>>> print(open('query.cif').read())   # mmCIF, C-alpha atoms
data_data
loop_
_atom_site.label_atom_id
_atom_site.label_comp_id
_atom_site.auth_asym_id
_atom_site.auth_seq_id
_atom_site.Cartn_x
_atom_site.Cartn_y
_atom_site.Cartn_z
CA MET A 1 -6.91 -23.46 -7.49
CA ILE A 2 -6.44 -19.86 -8.52
CA PHE A 3 -3.82 -18.87 -5.93
CA THR A 4 -1.33 -21.07 -4.13
CA LYS A 5 1.86 -20.57 -2.20
CA MET A 6 4.41 -19.15 -4.60
CA LYS A 7 7.54 -21.07 -3.58
CA ASN A 8 6.68 -24.18 -5.61
CA LYS A 9 5.64 -22.34 -8.78
CA SER A 10 7.64 -21.77 -11.96
CA ILE A 11 9.12 -18.38 -12.71
CA ALA A 12 6.53 -17.83 -15.45
CA VAL A 13 3.64 -18.44 -13.06
CA LYS A 14 5.19 -16.16 -10.44
CA CYS A 15 5.64 -13.40 -13.02
CA ALA A 16 2.07 -13.82 -14.21
CA TYR A 17 0.67 -13.52 -10.68
CA LEU A 18 2.92 -10.57 -9.94
CA GLY A 19 1.86 -8.85 -13.16
CA LEU A 20 -1.79 -9.45 -12.34
CA MET A 21 -1.42 -7.91 -8.89
CA ILE A 22 0.53 -4.92 -10.24
CA ALA A 23 -2.13 -4.34 -12.89
CA LEU A 24 -4.86 -4.54 -10.25
CA ALA A 25 -3.02 -2.06 -8.03
CA LEU A 26 -2.56 0.32 -10.98
CA ILE A 27 -6.27 0.12 -11.81
CA PHE A 28 -7.20 0.83 -8.18
CA GLY A 29 -4.79 3.77 -8.16
CA TYR A 30 -6.26 5.14 -11.37
CA VAL A 31 -9.84 4.77 -10.11
CA GLU A 32 -8.81 6.51 -6.91
CA SER A 33 -7.35 9.42 -8.87
CA MET A 34 -10.79 10.03 -10.36
CA ILE A 35 -12.45 10.29 -6.94
CA PRO A 36 -12.49 13.94 -5.87
CA LEU A 37 -11.17 14.16 -2.31
CA ASN A 38 -10.47 17.72 -1.26
CA ILE A 39 -10.27 18.37 2.46
CA GLY A 40 -7.81 21.24 2.27
CA VAL A 41 -4.63 19.27 2.90
CA PRO A 42 -2.57 18.25 -0.14
CA GLY A 43 -1.64 14.62 -0.62
CA ILE A 44 -4.46 12.89 1.23
CA LYS A 45 -5.73 9.91 -0.75
CA LEU A 46 -7.80 6.84 0.03
CA GLY A 47 -5.00 4.39 -0.74
CA LEU A 48 -7.15 1.85 -2.59
CA ALA A 49 -4.10 0.40 -4.35
CA ASN A 50 -2.75 -0.55 -0.93
CA ILE A 51 -5.45 -3.21 -0.70
CA VAL A 52 -3.39 -5.21 -3.19
CA THR A 53 -0.17 -4.64 -1.23
CA VAL A 54 -1.77 -5.75 2.04
CA LEU A 55 -3.24 -8.83 0.39
CA CYS A 56 0.13 -9.74 -1.16
CA LEU A 57 1.75 -9.37 2.24
CA TYR A 58 -0.73 -11.83 3.77
CA ILE A 59 -1.18 -14.19 0.81
CA TRP A 60 2.46 -14.57 -0.17
CA ASP A 61 5.29 -12.69 1.50
CA ALA A 62 7.14 -9.40 1.80
CA ARG A 63 9.02 -9.78 -1.48
CA TYR A 64 5.83 -9.87 -3.52
CA ALA A 65 4.23 -7.07 -1.53
CA ALA A 66 7.35 -4.94 -2.00
CA ALA A 67 7.51 -5.68 -5.72
CA VAL A 68 3.86 -4.79 -6.24
CA SER A 69 4.16 -1.64 -4.16
CA PHE A 70 7.39 -0.35 -5.72
CA ILE A 71 6.54 -1.17 -9.32
CA ARG A 72 3.07 0.35 -8.91
CA VAL A 73 4.51 3.58 -7.51
CA ILE A 74 7.02 3.88 -10.35
CA ILE A 75 4.56 3.09 -13.14
CA SER A 76 1.86 5.33 -11.63
CA GLY A 77 4.37 8.15 -11.30
CA LEU A 78 5.48 7.76 -14.90
CA LEU A 79 1.91 7.56 -16.24
CA PHE A 80 0.04 10.00 -14.01
CA GLY A 81 2.60 12.01 -12.09
CA ASN A 82 6.18 13.19 -12.17
CA LEU A 83 9.56 12.55 -10.57
CA PHE A 84 8.45 14.07 -7.26
CA SER A 85 5.37 11.86 -7.07
CA ILE A 86 7.65 8.85 -7.54
CA ILE A 87 10.04 10.07 -4.82
CA TYR A 88 7.21 10.79 -2.37
CA GLY A 89 5.43 7.58 -3.25
CA LEU A 90 8.53 5.43 -2.77
CA SER A 91 9.43 7.04 0.54
CA GLY A 92 5.92 6.42 1.84
CA ALA A 93 5.80 2.90 0.42
CA ILE A 94 9.16 1.88 1.90
CA LEU A 95 8.38 3.10 5.41
CA SER A 96 4.83 1.76 5.26
CA LEU A 97 5.93 -1.68 4.13
CA LEU A 98 8.66 -1.89 6.78
CA VAL A 99 6.19 -1.01 9.54
CA MET A 100 3.60 -3.47 8.23
CA LEU A 101 6.23 -6.22 8.12
CA ILE A 102 7.28 -5.55 11.70
CA PHE A 103 3.75 -5.50 13.10
CA LYS A 104 2.21 -8.25 10.94
CA ARG A 105 3.12 -10.85 13.57
CA PHE A 106 1.50 -9.00 16.44
CA PHE A 107 -1.65 -7.35 15.10
CA SER A 108 -4.62 -7.98 12.85
CA MET A 109 -4.70 -7.12 9.16
CA ILE A 110 -6.82 -4.04 9.92
CA THR A 111 -4.36 -2.71 12.50
CA VAL A 112 -1.39 -3.45 10.24
CA SER A 113 -3.07 -1.62 7.37
CA ALA A 114 -3.88 1.37 9.60
CA LEU A 115 -0.25 1.53 10.75
CA GLY A 116 0.82 1.29 7.12
CA GLY A 117 -1.42 4.23 6.24
CA VAL A 118 -0.04 6.34 9.07
CA PHE A 119 3.59 5.60 8.28
CA HIS A 120 3.06 6.07 4.56
CA ASN A 121 2.09 9.66 5.35
CA VAL A 122 4.98 10.03 7.79
CA GLY A 123 7.45 8.85 5.13
CA GLN A 124 6.09 11.29 2.60
CA LEU A 125 6.09 14.16 5.09
CA VAL A 126 9.71 13.51 6.09
CA THR A 127 10.66 13.47 2.40
CA ALA A 128 8.73 16.70 1.78
CA THR A 129 10.49 18.32 4.73
CA ILE A 130 13.87 17.36 3.28
CA VAL A 131 12.97 18.42 -0.27
CA VAL A 132 11.64 21.87 0.65
CA SER A 133 14.09 22.36 3.55
CA ASP A 134 11.40 23.79 5.78
CA LEU A 135 10.26 22.38 9.12
CA HIS A 136 7.00 24.33 8.94
CA ILE A 137 5.63 21.61 6.71
CA LEU A 138 5.43 19.42 9.82
CA TYR A 139 2.31 21.38 10.80
CA TYR A 140 0.50 18.97 8.48
CA LEU A 141 1.55 16.02 10.68
CA PRO A 142 -1.54 15.81 12.95
CA VAL A 143 -3.95 15.94 10.02
CA LEU A 144 -1.93 13.44 8.01
CA LEU A 145 -1.70 11.06 10.99
CA ILE A 146 -5.48 11.09 11.38
CA ALA A 147 -6.02 10.75 7.62
CA GLY A 148 -3.56 7.86 7.43
CA LEU A 149 -5.23 6.13 10.36
CA VAL A 150 -8.73 6.50 8.91
CA THR A 151 -7.84 5.54 5.33
CA GLY A 152 -5.56 2.73 6.50
CA PHE A 153 -8.37 1.39 8.67
CA MET A 154 -10.77 1.46 5.69
CA VAL A 155 -8.19 -0.24 3.46
CA GLY A 156 -7.73 -2.85 6.19
CA LEU A 157 -11.48 -3.51 6.37
CA LEU A 158 -11.66 -3.93 2.59
CA SER A 159 -8.55 -6.14 2.62
CA VAL A 160 -10.04 -8.44 5.26
CA ALA A 161 -13.31 -8.66 3.32
CA VAL A 162 -11.49 -9.58 0.10
CA TYR A 163 -9.17 -11.97 1.93
CA LYS A 164 -12.10 -13.83 3.48
CA ARG A 165 -13.84 -14.05 0.09
CA ILE A 166 -10.86 -15.55 -1.69
CA SER A 167 -9.17 -17.48 1.14
CA ASN A 168 -10.88 -20.73 0.14
CA ARG A 169 -9.14 -20.49 -3.25
CA PHE A 170 -5.57 -20.73 -2.00
CA ILE A 171 -3.49 -22.07 0.84
CA VAL A 172 -2.67 -19.36 3.37
CA ASP A 173 -1.81 -18.89 6.98
CA ASP A 174 -5.04 -17.95 8.80
CA THR A 175 -3.45 -15.37 11.12
CA VAL A 176 -5.61 -12.49 9.94
#
>>> encode(input="query.cif", output="structure tokens")
Amino acid sequence: MIFTKMKNKSIAVKCAYLGLMIALALIFGYVESMIPLNIGVPGIKLGLANIVTVLCLYIWDARYAAAVSFIRVIISGLLFGNLFSIIYGLSGAILSLLVMLIFKRFFSMITVSALGGVFHNVGQLVTATIVVSDLHILYYLPVLLIAGLVTGFMVGLLSVAVYKRISNRFIVDDTV
């Protein structure tokens, strides 16, 4: 078996799986950075790296999803961004992960991912409002809500497709 529940594994195996997922998320993030997406609003991205976070949330648990998400944001910021990209990324990741954890019990993986996309943008917008001390930045909110919903929905579709392809390789809870 390639993947199994993590609670019965050694620390070395857990670290190896975690490293693999972080590396995969970093690769997805890098590939995404090469895709030109310019719709006139800064900060809108596809969120391909969030496929890995959503899968970790459903395959293992919140600790692994949080670790993958937070470490990916920090390493991506150090490699490809700056301090502000780390701050914005972490604020979006924290709020997104909290919302996904709350709604994971009640909704499908696609809906949870869409909510994660929306609240990722909300977290970043709140942080931007605080950093620049200007409420006018909230004019971006409607566009960012729609973008987060659409990209989160697409990430959710991809996550479900990947989950179904690999679900026979590990023991999981089939509440997708």
>>> residues_around(input="query.cif", residues="Cys56 of chain A", least_positions_apart="4", cutoff="12 Å", atoms="all atoms listed in the file", output="PDB file with C-alpha atoms, keeping the file's coordinate frame")
ATOM      1  CA  PHE A   3      -3.820 -18.870  -5.930  1.00  0.00           C
ATOM      2  CA  THR A   4      -1.330 -21.070  -4.130  1.00  0.00           C
ATOM      3  CA  LYS A   5       1.860 -20.570  -2.200  1.00  0.00           C
ATOM      4  CA  MET A   6       4.410 -19.150  -4.600  1.00  0.00           C
ATOM      5  CA  TYR A  17       0.670 -13.520 -10.680  1.00  0.00           C
ATOM      6  CA  LEU A  18       2.920 -10.570  -9.940  1.00  0.00           C
ATOM      7  CA  LEU A  20      -1.790  -9.450 -12.340  1.00  0.00           C
ATOM      8  CA  MET A  21      -1.420  -7.910  -8.890  1.00  0.00           C
ATOM      9  CA  ILE A  22       0.530  -4.920 -10.240  1.00  0.00           C
ATOM     10  CA  LEU A  24      -4.860  -4.540 -10.250  1.00  0.00           C
ATOM     11  CA  ALA A  25      -3.020  -2.060  -8.030  1.00  0.00           C
ATOM     12  CA  ALA A  49      -4.100   0.400  -4.350  1.00  0.00           C
ATOM     13  CA  ASN A  50      -2.750  -0.550  -0.930  1.00  0.00           C
ATOM     14  CA  ILE A  51      -5.450  -3.210  -0.700  1.00  0.00           C
ATOM     15  CA  VAL A  52      -3.390  -5.210  -3.190  1.00  0.00           C
ATOM     16  CA  TRP A  60       2.460 -14.570  -0.170  1.00  0.00           C
ATOM     17  CA  ASP A  61       5.290 -12.690   1.500  1.00  0.00           C
ATOM     18  CA  ALA A  62       7.140  -9.400   1.800  1.00  0.00           C
ATOM     19  CA  ARG A  63       9.020  -9.780  -1.480  1.00  0.00           C
ATOM     20  CA  TYR A  64       5.830  -9.870  -3.520  1.00  0.00           C
ATOM     21  CA  ALA A  65       4.230  -7.070  -1.530  1.00  0.00           C
ATOM     22  CA  ALA A  66       7.350  -4.940  -2.000  1.00  0.00           C
ATOM     23  CA  ALA A  67       7.510  -5.680  -5.720  1.00  0.00           C
ATOM     24  CA  VAL A  68       3.860  -4.790  -6.240  1.00  0.00           C
ATOM     25  CA  SER A  69       4.160  -1.640  -4.160  1.00  0.00           C
ATOM     26  CA  LEU A  97       5.930  -1.680   4.130  1.00  0.00           C
ATOM     27  CA  MET A 100       3.600  -3.470   8.230  1.00  0.00           C
ATOM     28  CA  LEU A 101       6.230  -6.220   8.120  1.00  0.00           C
ATOM     29  CA  MET A 109      -4.700  -7.120   9.160  1.00  0.00           C
ATOM     30  CA  SER A 159      -8.550  -6.140   2.620  1.00  0.00           C
ATOM     31  CA  VAL A 162     -11.490  -9.580   0.100  1.00  0.00           C
ATOM     32  CA  TYR A 163      -9.170 -11.970   1.930  1.00  0.00           C
ATOM     33  CA  VAL A 172      -2.670 -19.360   3.370  1.00  0.00           C
TER      34      VAL A 172
END
>>> axis_aligned_box(input="query.cif", around="segment 13-29 of chain A", padding_each_side="8 Å", output="lines of an AutoDock Vina configuration file")
center_x = -0.8
center_y = -7.3
center_z = -11.1
size_x = 28.8
size_y = 38.2
size_z = 22.2
>>> resolve_selection(input="query.cif", expression="the PyMOL selection byres ((chain A and resi 122-132) around 7)", output="list in words")
Tyr88, Gly89, Ser91, Gly92, Leu95, Val118, Phe119, His120, Asn121, Ser133, Asp134, Leu135 and Ile137 of chain A
>>> residues_near_point(input="query.cif", point="(-9.7, -1.2, 5.2)", cutoff="9 Å", atoms="all atoms listed in the file", output="list of chain:residue names")
A:Leu48, A:Ile51, A:Met109, A:Ile110, A:Ser113, A:Ala114, A:Val150, A:Thr151, A:Gly152, A:Phe153, A:Met154, A:Val155, A:Gly156, A:Leu157, A:Leu158, A:Ser159, A:Val160, A:Ala161
>>> write_last_selection(input="query.cif", atoms="C-alpha atoms", output="short mmCIF file (atom, residue, chain, number, x, y, z; two decimals), in the coordinates of the input")
data_model
loop_
_atom_site.label_atom_id
_atom_site.label_comp_id
_atom_site.auth_asym_id
_atom_site.auth_seq_id
_atom_site.Cartn_x
_atom_site.Cartn_y
_atom_site.Cartn_z
CA LEU A 48 -7.15 1.85 -2.59
CA ILE A 51 -5.45 -3.21 -0.70
CA MET A 109 -4.70 -7.12 9.16
CA ILE A 110 -6.82 -4.04 9.92
CA SER A 113 -3.07 -1.62 7.37
CA ALA A 114 -3.88 1.37 9.60
CA VAL A 150 -8.73 6.50 8.91
CA THR A 151 -7.84 5.54 5.33
CA GLY A 152 -5.56 2.73 6.50
CA PHE A 153 -8.37 1.39 8.67
CA MET A 154 -10.77 1.46 5.69
CA VAL A 155 -8.19 -0.24 3.46
CA GLY A 156 -7.73 -2.85 6.19
CA LEU A 157 -11.48 -3.51 6.37
CA LEU A 158 -11.66 -3.93 2.59
CA SER A 159 -8.55 -6.14 2.62
CA VAL A 160 -10.04 -8.44 5.26
CA ALA A 161 -13.31 -8.66 3.32
#
>>> atom_distance(input="query.cif", atom1="atom CA of Leu90 of chain A", atom2="atom CA of Phe70 of chain A")
6.6 Å
>>> residues_around(input="query.cif", residues="Pro36 of chain A", least_positions_apart="6", cutoff="12 Å", atoms="all atoms listed in the file", output="PyMOL selection string")
chain A and resi 44-46
